[in-house]
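Trainee: File run.txt below, compact mmCIF, C-alpha atoms:
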# COMPACT_ATOMS: atom_id res chain seq x y z
CA MET A 1 19.59 6.13 -2.26
CA PHE A 2 17.79 2.94 -1.27
CA ASP A 3 16.66 0.14 -3.47
CA ASP A 4 13.13 -1.08 -3.07
CA ARG A 5 14.16 -4.62 -2.17
CA SER A 6 13.77 -4.40 1.58
CA PRO A 7 12.42 -1.93 4.17
CA ILE A 8 14.56 1.20 4.55
CA TYR A 9 15.16 0.58 8.26
CA GLN A 10 16.51 -2.87 7.39
CA GLN A 11 18.84 -1.32 4.84
CA ILE A 12 20.09 1.18 7.42
CA ALA A 13 20.77 -1.64 9.87
CA ASP A 14 22.61 -3.60 7.14
CA LYS A 15 24.70 -0.57 6.20
CA ILE A 16 25.82 -0.10 9.82
CA LYS A 17 26.63 -3.83 10.06
CA ASP A 18 28.73 -3.56 6.88
CA ASP A 19 30.59 -0.59 8.36
CA ILE A 20 31.32 -2.57 11.54
CA VAL A 21 32.54 -5.64 9.65
CA SER A 22 34.76 -3.61 7.34
CA GLY A 23 36.18 -1.63 10.27
CA ILE A 24 34.82 1.79 9.26
CA LEU A 25 33.01 1.74 12.61
CA GLN A 26 35.14 0.58 15.53
CA GLU A 27 34.11 -1.01 18.82
CA ASP A 28 32.79 1.49 21.35
CA GLU A 29 32.70 4.15 18.67
CA GLN A 30 29.67 6.44 18.57
CA VAL A 31 27.31 5.95 15.64
CA MET A 32 25.69 8.95 13.90
CA SER A 33 22.36 9.90 15.48
CA THR A 34 19.00 8.86 14.04
CA ASN A 35 18.43 12.51 13.12
CA GLN A 36 21.70 12.64 11.20
CA TYR A 37 20.75 9.44 9.39
CA ALA A 38 17.28 10.82 8.67
CA ALA A 39 18.64 14.06 7.22
CA PHE A 40 21.34 12.29 5.20
CA TYR A 41 19.02 9.74 3.62
CA ARG A 42 15.98 12.05 3.58
CA ILE A 43 13.79 9.68 5.59
CA ASN A 44 11.53 9.99 8.60
CA PRO A 45 13.59 9.85 11.83
CA ALA A 46 11.22 7.16 13.15
CA THR A 47 12.33 4.93 10.28
CA ALA A 48 15.99 5.46 11.14
CA ALA A 49 15.19 4.79 14.80
CA LYS A 50 13.62 1.47 13.81
CA GLY A 51 16.90 0.42 12.19
CA PHE A 52 18.78 1.37 15.36
CA HIS A 53 16.25 -0.50 17.47
CA LEU A 54 16.84 -3.62 15.41
CA LEU A 55 20.58 -3.36 16.07
CA THR A 56 20.21 -2.83 19.84
CA GLU A 57 17.90 -5.86 19.99
CA GLU A 58 20.63 -7.89 18.30
CA GLY A 59 23.25 -6.52 20.68
CA ILE A 60 25.20 -4.82 17.88
CA LEU A 61 24.68 -1.33 19.30
CA TYR A 62 24.18 -0.11 22.84
CA LYS A 63 22.75 3.10 24.17
CA LYS A 64 24.38 5.58 26.50
CA ARG A 65 21.54 7.58 27.92
CA GLY A 66 21.64 11.19 26.83
CA ILE A 67 24.73 10.68 24.68
CA GLY A 68 23.84 8.35 21.84
CA MET A 69 24.39 4.93 20.33
CA PHE A 70 27.69 3.04 20.36
CA VAL A 71 29.10 -0.09 18.74
CA SER A 72 29.14 -3.06 21.15
CA GLY A 73 32.43 -4.72 22.05
CA GLU A 74 31.26 -8.05 20.68
CA ALA A 75 29.63 -6.62 17.55
CA LYS A 76 32.31 -7.33 14.98
CA GLN A 77 33.03 -10.86 16.18
CA SER A 78 29.37 -11.86 16.25
CA LEU A 79 28.71 -10.32 12.82
CA LEU A 80 31.71 -12.16 11.38
CA ARG A 81 30.45 -15.41 12.90
CA GLN A 82 26.98 -14.86 11.36
CA ARG A 83 28.41 -14.07 7.96
CA ARG A 84 30.67 -17.10 7.99
CA GLU A 85 27.69 -19.28 8.81
CA ARG A 86 25.78 -17.85 5.86
CA PHE A 87 28.74 -17.82 3.50
CA PHE A 88 28.42 -21.39 2.18
CA GLU A 89 24.68 -21.21 1.80
CA GLU A 90 24.49 -17.75 0.27
CA VAL A 91 27.69 -17.58 -1.74
CA VAL A 92 29.04 -21.06 -2.41
CA ASP A 93 25.76 -22.92 -2.88
CA ARG A 94 24.39 -20.18 -5.12
CA MET A 95 27.55 -20.16 -7.17
CA LEU A 96 27.34 -23.92 -7.63
CA ALA A 97 23.69 -23.69 -8.69
CA GLU A 98 24.57 -21.00 -11.24
CA ALA A 99 27.53 -23.07 -12.47
CA GLU A 100 25.25 -26.03 -13.02
CA THR A 101 22.67 -23.93 -14.89
CA ILE A 102 25.23 -22.55 -17.33
CA GLY A 103 27.37 -25.69 -17.52
CA VAL A 104 30.61 -24.69 -15.79
CA PRO A 105 32.26 -27.86 -14.44
CA ILE A 106 33.30 -27.87 -10.78
CA SER A 107 36.88 -28.73 -11.75
CA GLU A 108 37.12 -25.40 -13.56
CA ILE A 109 35.85 -23.57 -10.47
CA ILE A 110 38.42 -25.30 -8.29
CA GLY A 111 41.11 -24.46 -10.82
CA ARG A 112 40.11 -20.81 -10.71
CA ILE A 113 40.15 -20.77 -6.90
CA GLU A 114 43.63 -22.28 -6.79
CA GLN A 115 44.83 -19.80 -9.37
CA ALA A 116 43.46 -16.88 -7.31
CA LYS A 117 45.01 -18.35 -4.17
CA GLY A 118 48.34 -18.73 -5.94
CA SER A 119 48.43 -15.11 -7.08
CA ASP A 120 47.49 -14.11 -3.55
CA GLU A 121 50.59 -15.67 -2.01
CA MET B 1 5.83 22.59 21.92
CA MET B 2 2.44 21.10 22.64
CA THR B 3 1.16 18.26 20.51
CA LEU B 4 -2.42 18.51 19.35
CA GLY B 5 -4.16 15.23 18.66
CA ILE B 6 -6.68 15.14 15.82
CA GLU B 7 -9.86 13.09 16.13
CA VAL B 8 -12.19 12.65 13.18
CA ASN B 9 -15.37 10.71 13.71
CA ASN B 10 -17.93 9.73 11.05
CA LEU B 11 -17.11 12.84 9.09
CA GLN B 12 -19.30 13.80 6.13
CA LEU B 13 -19.12 16.72 3.79
CA LYS B 14 -21.68 17.34 1.09
CA TYR B 15 -21.68 19.90 -1.71
CA GLY B 16 -25.38 19.93 -2.53
CA SER B 17 -26.22 16.29 -3.14
CA PHE B 18 -22.58 15.32 -3.84
CA ALA B 19 -20.83 13.69 -0.89
CA ALA B 20 -17.15 14.70 -1.00
CA ILE B 21 -16.34 13.02 2.34
CA LYS B 22 -18.16 9.86 3.32
CA ASN B 23 -18.11 8.66 6.95
CA VAL B 24 -14.42 9.17 7.52
CA THR B 25 -13.05 8.19 10.94
CA PHE B 26 -9.44 8.35 12.08
CA SER B 27 -7.27 9.49 14.92
CA LEU B 28 -3.85 11.14 14.70
CA ALA B 29 -1.71 11.22 17.83
CA GLY B 30 0.19 14.23 16.48
CA GLY B 31 3.88 15.12 16.51
CA ARG B 32 4.43 13.11 13.33
CA ILE B 33 4.63 13.60 9.58
CA TYR B 34 1.50 12.21 7.96
CA GLY B 35 1.04 11.63 4.25
CA LEU B 36 -2.46 12.06 2.82
CA LEU B 37 -2.74 10.32 -0.53
CA GLY B 38 -5.62 10.16 -2.94
CA ARG B 39 -6.41 10.57 -6.60
CA ASN B 40 -7.79 13.82 -7.97
CA GLY B 41 -11.26 14.39 -6.58
CA SER B 42 -10.85 11.87 -3.76
CA GLY B 43 -11.67 14.49 -1.11
CA LYS B 44 -8.19 15.39 0.17
CA THR B 45 -8.63 19.16 -0.02
CA SER B 46 -12.17 18.92 1.39
CA LEU B 47 -10.92 16.98 4.39
CA LEU B 48 -7.96 19.30 4.98
CA SER B 49 -10.22 22.37 4.64
CA ILE B 50 -12.33 21.08 7.51
CA LEU B 51 -9.26 20.47 9.69
CA ALA B 52 -8.10 24.01 8.88
CA SER B 53 -11.43 25.62 9.88
CA TYR B 54 -12.05 26.70 6.27
CA ARG B 55 -15.24 24.65 6.04
CA GLU B 56 -17.77 23.16 8.35
CA GLN B 57 -18.66 19.50 7.95
CA THR B 58 -22.19 18.39 7.07
CA ASN B 59 -22.13 15.61 9.67
CA GLY B 60 -19.83 13.98 12.17
CA GLN B 61 -17.20 15.38 14.54
CA VAL B 62 -13.72 16.81 14.20
CA THR B 63 -11.60 17.89 17.14
CA ILE B 64 -8.08 19.27 17.26
CA GLY B 65 -6.62 19.23 20.77
CA GLY B 66 -10.13 18.33 21.96
CA GLU B 67 -11.88 21.33 20.35
CA ALA B 68 -13.97 21.73 17.20
CA PRO B 69 -11.93 23.82 14.75
CA PHE B 70 -14.67 25.63 12.80
CA GLU B 71 -14.79 29.35 13.67
CA ASN B 72 -12.60 28.63 16.67
CA ALA B 73 -9.95 31.35 16.88
CA LYS B 74 -7.94 29.43 19.46
CA ILE B 75 -7.53 26.46 17.10
CA MET B 76 -7.13 28.55 13.95
CA GLU B 77 -3.90 30.11 15.23
CA GLN B 78 -2.55 26.62 15.93
CA VAL B 79 -3.22 25.33 12.42
CA CYS B 80 -1.50 26.55 9.27
CA PHE B 81 -3.00 25.40 5.96
CA ILE B 82 -0.96 25.97 2.80
CA GLN B 83 -2.58 25.21 -0.55
CA GLU B 84 -1.14 24.77 -4.01
CA SER B 85 0.55 27.96 -5.24
CA GLY B 86 -0.60 29.63 -2.02
CA SER B 87 -3.95 31.34 -1.69
CA PHE B 88 -2.69 34.85 -1.18
CA SER B 89 -4.29 38.04 -2.33
CA ASP B 90 -2.90 38.94 -5.76
CA SER B 91 -2.70 42.64 -4.95
CA SER B 92 -0.47 42.18 -1.89
CA SER B 93 3.29 42.29 -2.00
CA VAL B 94 5.37 39.36 -0.74
CA SER B 95 6.40 41.37 2.32
CA ASP B 96 2.73 42.20 3.05
CA VAL B 97 1.89 38.51 2.94
CA LEU B 98 4.76 37.74 5.32
CA ARG B 99 3.73 40.49 7.72
CA LEU B 100 0.14 39.27 7.76
CA SER B 101 1.33 35.70 8.35
CA ALA B 102 3.52 36.82 11.26
CA SER B 103 0.44 38.30 12.90
CA CYS B 104 -1.72 35.20 12.32
CA TRP B 105 0.53 32.57 13.94
CA PRO B 106 1.81 33.21 17.45
CA ASN B 107 4.74 30.81 16.99
CA TRP B 108 5.93 32.65 13.83
CA ASP B 109 9.72 32.58 13.59
CA SER B 110 10.88 35.62 11.60
CA GLU B 111 14.54 34.56 11.62
CA TYR B 112 13.61 31.23 10.08
CA ALA B 113 11.36 33.03 7.58
CA ALA B 114 14.33 35.21 6.55
CA HIS B 115 16.44 32.08 6.04
CA LEU B 116 13.79 30.55 3.76
CA ILE B 117 13.27 33.82 1.84
CA ALA B 118 17.00 33.85 1.08
CA LEU B 119 16.98 30.14 0.22
CA TYR B 120 14.22 30.62 -2.36
CA ASP B 121 15.31 34.11 -3.52
CA LEU B 122 11.83 35.46 -2.80
CA PRO B 123 11.42 39.02 -4.13
CA LEU B 124 9.92 40.93 -1.14
CA LYS B 125 8.67 43.93 -3.11
CA LYS B 126 6.96 42.04 -5.91
CA LEU B 127 3.20 41.66 -5.96
CA VAL B 128 1.86 38.13 -5.53
CA SER B 129 0.21 38.47 -8.96
CA ALA B 130 3.65 38.93 -10.54
CA LEU B 131 5.12 35.75 -9.04
CA SER B 132 5.65 32.60 -11.06
CA ARG B 133 3.86 29.45 -9.98
CA GLY B 134 7.09 28.13 -8.49
CA MET B 135 7.66 31.35 -6.55
CA LYS B 136 4.10 31.28 -5.20
CA SER B 137 4.73 27.74 -4.01
CA ALA B 138 8.01 28.84 -2.41
CA LEU B 139 6.16 31.62 -0.59
CA GLY B 140 3.59 29.11 0.65
CA VAL B 141 6.26 26.71 1.84
CA THR B 142 8.08 29.56 3.61
CA ILE B 143 4.93 30.56 5.46
CA GLY B 144 4.04 26.99 6.42
CA LEU B 145 7.46 26.23 7.83
CA ALA B 146 8.04 29.61 9.51
CA SER B 147 4.55 29.56 11.08
CA ARG B 148 5.82 26.82 13.40
CA ALA B 149 2.11 26.06 13.84
CA PRO B 150 1.58 22.90 15.95
CA VAL B 151 -0.46 21.54 13.04
CA THR B 152 0.98 22.49 9.63
CA ILE B 153 -0.79 21.25 6.52
CA PHE B 154 0.67 21.32 3.02
CA ASP B 155 -1.91 20.53 0.36
CA GLU B 156 0.07 19.94 -2.86
CA ALA B 157 1.83 23.07 -1.68
CA TYR B 158 5.01 22.56 -3.66
CA LEU B 159 3.53 21.34 -6.94
CA GLY B 160 4.71 24.32 -8.96
CA MET B 161 8.31 24.00 -7.79
CA ASP B 162 11.12 22.54 -9.85
CA ALA B 163 12.95 19.48 -8.54
CA PRO B 164 15.85 21.29 -6.79
CA SER B 165 13.37 23.57 -4.97
CA ARG B 166 11.26 20.58 -3.96
CA TYR B 167 14.27 18.75 -2.55
CA ALA B 168 15.28 21.90 -0.69
CA PHE B 169 11.77 21.88 0.78
CA TYR B 170 11.98 18.21 1.84
CA ASP B 171 15.33 18.88 3.54
CA GLU B 172 14.01 21.95 5.36
CA LEU B 173 10.83 20.16 6.38
CA LEU B 174 12.75 17.26 7.86
CA LYS B 175 15.29 19.49 9.60
CA ASP B 176 12.59 21.71 11.05
CA TYR B 177 10.51 18.71 12.14
CA MET B 178 13.48 17.25 14.01
CA GLU B 179 14.38 20.56 15.65
CA THR B 180 10.84 21.59 16.57
CA PRO B 181 8.66 18.47 16.44
CA ARG B 182 5.06 19.15 15.45
CA THR B 183 2.33 17.69 13.31
CA PHE B 184 2.71 17.90 9.56
CA ILE B 185 0.04 16.66 7.18
CA ILE B 186 1.19 16.55 3.57
CA SER B 187 -1.01 15.71 0.63
CA THR B 188 0.87 14.86 -2.50
CA HIS B 189 0.96 13.12 -5.84
CA LEU B 190 4.75 12.90 -5.72
CA ILE B 191 4.76 9.74 -3.64
CA GLU B 192 8.12 8.42 -4.78
CA GLU B 193 9.80 11.65 -3.76
CA VAL B 194 8.29 12.19 -0.33
CA GLY B 195 6.99 8.76 0.71
CA SER B 196 10.02 8.05 2.88
CA LEU B 197 9.31 11.17 4.97
CA PHE B 198 5.91 9.90 6.11
CA GLU B 199 5.64 8.05 9.39
CA GLU B 200 1.99 7.25 8.69
CA VAL B 201 -0.05 7.22 5.51
CA LEU B 202 -3.75 7.88 4.99
CA ILE B 203 -5.37 7.03 1.65
CA LEU B 204 -8.64 8.55 0.52
CA ASP B 205 -10.58 7.06 -2.35
CA GLN B 206 -13.85 8.58 -3.58
CA GLY B 207 -14.41 10.30 -0.25
CA ARG B 208 -13.70 7.20 1.84
CA LEU B 209 -10.68 6.49 3.97
CA ILE B 210 -9.45 3.15 2.66
CA MET B 211 -6.15 3.04 4.53
CA HIS B 212 -4.51 4.46 7.62
CA GLU B 213 -1.30 2.71 8.53
CA GLU B 214 2.33 3.22 9.48
CA THR B 215 4.23 3.57 6.21
CA ASP B 216 6.59 0.67 6.94
CA VAL B 217 3.73 -1.60 7.97
CA LEU B 218 1.70 -0.71 4.88
CA LYS B 219 4.67 -1.44 2.63
CA SER B 220 5.30 -4.76 4.37
CA ARG B 221 1.74 -5.81 3.51
CA GLY B 222 2.32 -5.63 -0.22
CA ALA B 223 4.35 -8.21 -2.12
CA SER B 224 5.01 -9.12 -5.70
CA ILE B 225 5.22 -12.77 -6.71
CA THR B 226 6.80 -13.62 -10.03
CA GLY B 227 7.36 -16.92 -11.81
CA SER B 228 5.64 -19.52 -13.92
CA GLU B 229 1.91 -18.94 -14.34
CA GLN B 230 0.89 -22.24 -12.82
CA ALA B 231 3.04 -21.84 -9.70
CA VAL B 232 1.96 -18.22 -9.20
CA ASP B 233 -1.72 -19.18 -9.48
CA GLN B 234 -1.18 -21.98 -7.00
CA ILE B 235 0.43 -19.80 -4.35
CA THR B 236 -1.89 -16.79 -4.74
CA GLU B 237 -5.10 -18.74 -4.42
CA GLY B 238 -7.19 -17.12 -1.69
CA LEU B 239 -4.93 -14.05 -1.38
CA THR B 240 -6.07 -10.51 -2.17
CA ILE B 241 -4.74 -9.78 -5.65
CA LEU B 242 -4.22 -6.10 -6.45
CA GLY B 243 -2.90 -6.50 -9.94
CA GLN B 244 -1.34 -8.95 -12.36
CA GLN B 245 0.77 -8.91 -15.49
CA MET B 246 1.88 -11.52 -17.96
CA LEU B 247 5.10 -11.57 -19.94
CA GLY B 248 5.23 -14.69 -22.09
CA ARG B 249 4.77 -17.55 -19.67
CA THR B 250 5.94 -15.49 -16.71
CA LYS B 251 3.28 -14.11 -14.43
CA SER B 252 3.74 -11.34 -11.90
CA VAL B 253 1.09 -10.73 -9.27
CA THR B 254 0.86 -8.03 -6.62
CA VAL B 255 -0.81 -9.33 -3.48
CA PHE B 256 -1.94 -7.48 -0.40
CA GLY B 257 -2.05 -8.71 3.16
CA GLU B 258 0.74 -10.20 5.16
CA LEU B 259 2.28 -13.24 3.51
CA THR B 260 2.73 -15.95 6.13
CA GLU B 261 6.09 -17.64 6.63
CA GLU B 262 4.44 -20.72 5.14
CA HIS B 263 3.53 -18.81 1.97
CA ARG B 264 7.10 -17.60 1.65
CA LYS B 265 8.60 -21.05 2.08
CA HIS B 266 6.11 -22.52 -0.35
CA ALA B 267 6.85 -19.79 -2.90
CA LEU B 268 10.60 -20.32 -2.66
CA ALA B 269 10.14 -24.08 -2.98
CA LEU B 270 8.17 -23.46 -6.19
CA GLY B 271 11.04 -21.35 -7.50
CA LEU B 272 9.05 -18.12 -7.36
CA GLU B 273 10.56 -14.72 -6.84
CA LEU B 274 9.18 -12.64 -3.98
CA GLY B 275 9.67 -8.90 -3.92
CA PRO B 276 8.45 -5.81 -2.11
CA VAL B 277 6.04 -3.28 -3.61
CA SER B 278 6.75 0.45 -3.49
CA LEU B 279 4.35 2.80 -1.72
CA GLN B 280 3.51 4.39 -5.06
CA ASP B 281 2.66 1.04 -6.66
CA LEU B 282 0.52 0.05 -3.67
CA PHE B 283 -1.29 3.36 -3.90
CA VAL B 284 -1.91 2.94 -7.63
CA HIS B 285 -3.25 -0.58 -7.14
CA LEU B 286 -5.41 0.30 -4.14
CA THR B 287 -7.08 3.28 -5.81
CA LYS B 288 -7.42 2.23 -9.45
CA LYS B 289 -10.87 2.08 -10.92
CA GLU B 290 -10.98 -1.62 -11.55
CA GLY B 291 -9.16 -2.22 -8.25
CA LEU B 292 -10.65 -3.65 -5.13
CA SER B 293 -14.35 -3.89 -4.51
CA ASN B 294 -15.62 -1.70 -1.67
CA GLU B 295 -15.95 -4.79 0.44
CA GLN B 296 -12.31 -5.72 -0.22
CA LYS B 297 -11.22 -2.17 0.53
CA GLU B 298 -12.98 -2.31 3.87
CA LYS B 299 -11.22 -5.59 4.59
CA ALA B 300 -7.86 -4.25 3.43
CA SER B 301 -8.07 -1.17 5.67
CA ARG B 302 -8.30 -3.33 8.77
CA PRO B 303 -4.88 -4.49 9.92
Could you write out this file's structure as structure tokens?

Mentor:
Amino acid sequence: MFDDRSPIYQQIADKIKDDIVSGILQEDEQVMSTNQYAAFYRINPATAAKGFHLLTEEGILYKKRGIGMFVSGEAKQSLLRQRRERFFEEVVDRMLAEAETIGVPISEIIGRIEQAKGSDE
Amino acid sequence: MMTLGIEVNNLQLKYGSFAAIKNVTFSLAGGRIYGLLGRNGSGKTSLLSILASYREQTNGQVTIGGEAPFENAKIMEQVCFIQESGSFSDSSSVSDVLRLSASCWPNWDSEYAAHLIALYDLPLKKLVSALSRGMKSALGVTIGLASRAPVTIFDEAYLGMDAPSRYAFYDELLKDYMETPRTFIISTHLIEEVGSLFEEVLILDQGRLIMHEETDVLKSRGASITGSEQAVDQITEGLTILGQQMLGRTKSVTVFGELTEEHRKHALALGLELGPVSLQDLFVHLTKKEGLSNEQKEKASRP
């Protein structure tokens, strides 16, 4: 279920963030409980709780005492902002580095982008 | 349900002149799932037998809920110890074993036992001697879970089971732990399968406790560094190296101990690849024969 690249609680937090960004989880919607996560992924509930803790610290989730965890009103906007900030560094810069390694000229990349944009419209 | 803490202090167990447990000290708060890992002959079963009142230590102290377990009826009914393929009398029937178990553990849940019997298709009328290894394991697992004992110990209890039965056990264990929290201690060789269920891990090596750590913390202390030999050697100088491999001019080293932010930045600047190490790989490295020196092990076990 999980790859071994990062701690499981980090992967749980990332999965919930993905669901918020893609709209699967809406603002003020209740998130599955740590126990449900634990059973689903076959992990210790304390590990799932750590992932949730990470998200409350970041203000992505909030807790309603005795009820459960919910998606914050600002969650999607702040996650989108973070991802946009990282987009050029993590996607564009890496793509350019790869292009240089294998000898794809930038003009070809731009051509491809314009082509994709054209078919989009 | 009450939570019984377990305190082990300078524990020693000798069989004649052979020391199976050497000065082991640890403390378990309880109410968690603990993994006990160790190679064959590392002393796992000896240690668990003492916790379960099956044996008395040669030296040192053990307390469960503040009391010494050996020949202590009050503690014995709070602790359920399940060994590989069970340790039931061959001439008893499955239903006899279940009846006896129900009378041993005051928290016994017969409804839950019936659920597990159905889950594993346990034949009630068969004699224990006629059960397959997998069925004996299923009987053991049923008793351990249905005992609802505040301290439940599984010592390689599910080794004879096939993969679907083992996964059914992991699911039941987790579900039951979340519904009725209690202390589980699980010794296993199947680390990749169950490692993610453990909140804390204890590692025994040749009778010594070389590690007791939260699973996530332990995993965060291992890292693999891969890249050109020269760069890898440069960055790993002074770090505790658990193992290394060469593939052509590429070197991969497993290090132990928290990498500092500086190390990470330096490694990335040198074009090295940093990766995590699985619990199983860490275990293999920490307990292999040509692994760490005793001095290094002592150092490694201190956070």

Trainee: So, with all atoms listed in the file as the atoms that count, which of A:Arg65, A:Lys76, A:Lys117, A:Arg81 lies closest to Ile16 in chain A?

Mentor: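 The answer is A:Lys76, which sits nearest to Ile16 in chain A.
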
Trainee: Skip Ser22 in chain A itself and residues of its chain fewer than 6 positions away, then list as an MDAnalysis selection string all residues within 12 Å of it, counting all atoms listed in the file.

Mentor: chainID A and resid 15:16 75:77 79:80

Trainee: Select all residues from chain B having any atom no more than 12 Å from an atom of chain A (counting only C-alpha atoms, ignoring ligands), output as a PyMOL selection string.

Mentor: chain B and resi 31-35+167-179+181+184+192-200+214-224+273-281

Trainee: Just checking: using all atoms listed in the file, which residue out of B:Leu48, B:Leu286, B:Ile235, B:Ile241 ends up closest to Leu268 in chain B?

Mentor: B:Ile235

Trainee: For range 54-62 of chain A, I'd like the enclosing box, axis-aligned and padded by 6 Å on every side, reported as lines of an AutoDock Vina configuration file with centre and edge lengths in Å to one decimal.

Mentor:
center_x = 21.0
center_y = -4.0
center_z = 19.1
size_x = 20.4
size_y = 19.8
size_z = 19.4

Trainee: Quick one: residues within 12 Å of Ala13 in chain A, only C-alpha atoms counted, chain neighbours fewer than 2 positions away excluded, as a PyMOL selection string?

Mentor: chain A and resi 6-11+15-20+31+34+37+47-58+60-61

Trainee: What is the distance between CA of Leu51 in chain B and CA of Glu111 in chain B, in Å to one decimal?

Mentor: 27.7 Å

Trainee: Show me the residues around (6.8, 41.1, 6.9) - criterion: an atom at most 12 Å away, all atoms listed in the file counted - as a list in words.

Mentor: Ser92, Ser93, Val94, Ser95, Asp96, Val97, Leu98, Arg99, Leu100, Ser101, Ala102, Ser103, Cys104, Trp108, Asp109, Ser110, Glu111, Ala113, Ala114, Ile117, Leu124, Lys125, Ile143 and Ala146 of chain B

Trainee: Using the atoms already present, construct all heavy atoms for range 60-66 of chain A and hand them back as an mmCIF file, in the coordinates of the input.

Mentor:
data_model
loop_
_atom_site.group_PDB
_atom_site.id
_atom_site.type_symbol
_atom_site.label_atom_id
_atom_site.label_comp_id
_atom_site.auth_asym_id
_atom_site.auth_seq_id
_atom_site.Cartn_x
_atom_site.Cartn_y
_atom_site.Cartn_z
ATOM 1 N N ILE A 60 24.138 -5.406 18.717
ATOM 2 C CA ILE A 60 25.200 -4.820 17.880
ATOM 3 C C ILE A 60 25.541 -3.412 18.371
ATOM 4 O O ILE A 60 26.681 -2.997 18.366
ATOM 5 C CB ILE A 60 24.758 -4.749 16.391
ATOM 6 C CG1 ILE A 60 24.309 -6.129 15.882
ATOM 7 C CG2 ILE A 60 25.850 -4.158 15.513
ATOM 8 C CD1 ILE A 60 25.391 -7.161 15.809
ATOM 9 N N LEU A 61 24.494 -2.679 18.759
ATOM 10 C CA LEU A 61 24.680 -1.330 19.300
ATOM 11 C C LEU A 61 24.206 -1.296 20.745
ATOM 12 O O LEU A 61 23.386 -2.108 21.148
ATOM 13 C CB LEU A 61 23.869 -0.300 18.490
ATOM 14 C CG LEU A 61 24.183 -0.104 17.010
ATOM 15 C CD1 LEU A 61 23.291 1.008 16.450
ATOM 16 C CD2 LEU A 61 25.644 0.239 16.780
ATOM 17 N N TYR A 62 24.737 -0.368 21.510
ATOM 18 C CA TYR A 62 24.180 -0.110 22.840
ATOM 19 C C TYR A 62 24.013 1.389 23.035
ATOM 20 O O TYR A 62 24.629 2.190 22.332
ATOM 21 C CB TYR A 62 25.054 -0.733 23.946
ATOM 22 C CG TYR A 62 26.439 -0.134 24.070
ATOM 23 C CD1 TYR A 62 26.681 0.913 24.967
ATOM 24 C CD2 TYR A 62 27.496 -0.609 23.301
ATOM 25 C CE1 TYR A 62 27.946 1.464 25.090
ATOM 26 C CE2 TYR A 62 28.765 -0.065 23.413
ATOM 27 C CZ TYR A 62 28.985 0.974 24.310
ATOM 28 O OH TYR A 62 30.234 1.525 24.414
ATOM 29 N N LYS A 63 23.136 1.708 23.988
ATOM 30 C CA LYS A 63 22.750 3.100 24.170
ATOM 31 C C LYS A 63 23.395 3.660 25.420
ATOM 32 O O LYS A 63 23.379 3.006 26.460
ATOM 33 C CB LYS A 63 21.229 3.128 24.327
ATOM 34 C CG LYS A 63 20.605 4.488 24.245
ATOM 35 C CD LYS A 63 19.099 4.353 24.417
ATOM 36 C CE LYS A 63 18.365 5.553 23.877
ATOM 37 N NZ LYS A 63 16.944 5.277 23.723
ATOM 38 N N LYS A 64 23.977 4.843 25.295
ATOM 39 C CA LYS A 64 24.380 5.580 26.500
ATOM 40 C C LYS A 64 23.381 6.704 26.656
ATOM 41 O O LYS A 64 23.284 7.578 25.787
ATOM 42 C CB LYS A 64 25.796 6.163 26.327
ATOM 43 C CG LYS A 64 26.911 5.174 26.588
ATOM 44 C CD LYS A 64 28.249 5.913 26.696
ATOM 45 C CE LYS A 64 29.409 4.956 26.517
ATOM 46 N NZ LYS A 64 30.681 5.670 26.317
ATOM 47 N N ARG A 65 22.635 6.630 27.741
ATOM 48 C CA ARG A 65 21.540 7.580 27.920
ATOM 49 C C ARG A 65 22.016 9.025 27.799
ATOM 50 O O ARG A 65 23.001 9.413 28.416
ATOM 51 C CB ARG A 65 20.885 7.342 29.282
ATOM 52 C CG ARG A 65 19.413 7.622 29.262
ATOM 53 C CD ARG A 65 18.724 7.004 30.460
ATOM 54 N NE ARG A 65 18.241 5.638 30.185
ATOM 55 C CZ ARG A 65 17.189 5.352 29.440
ATOM 56 N NH1 ARG A 65 16.514 6.316 28.841
ATOM 57 N NH2 ARG A 65 16.811 4.109 29.270
ATOM 58 N N GLY A 66 21.312 9.773 26.965
ATOM 59 C CA GLY A 66 21.640 11.190 26.830
ATOM 60 C C GLY A 66 22.850 11.477 25.942
ATOM 61 O O GLY A 66 23.146 12.631 25.673
#
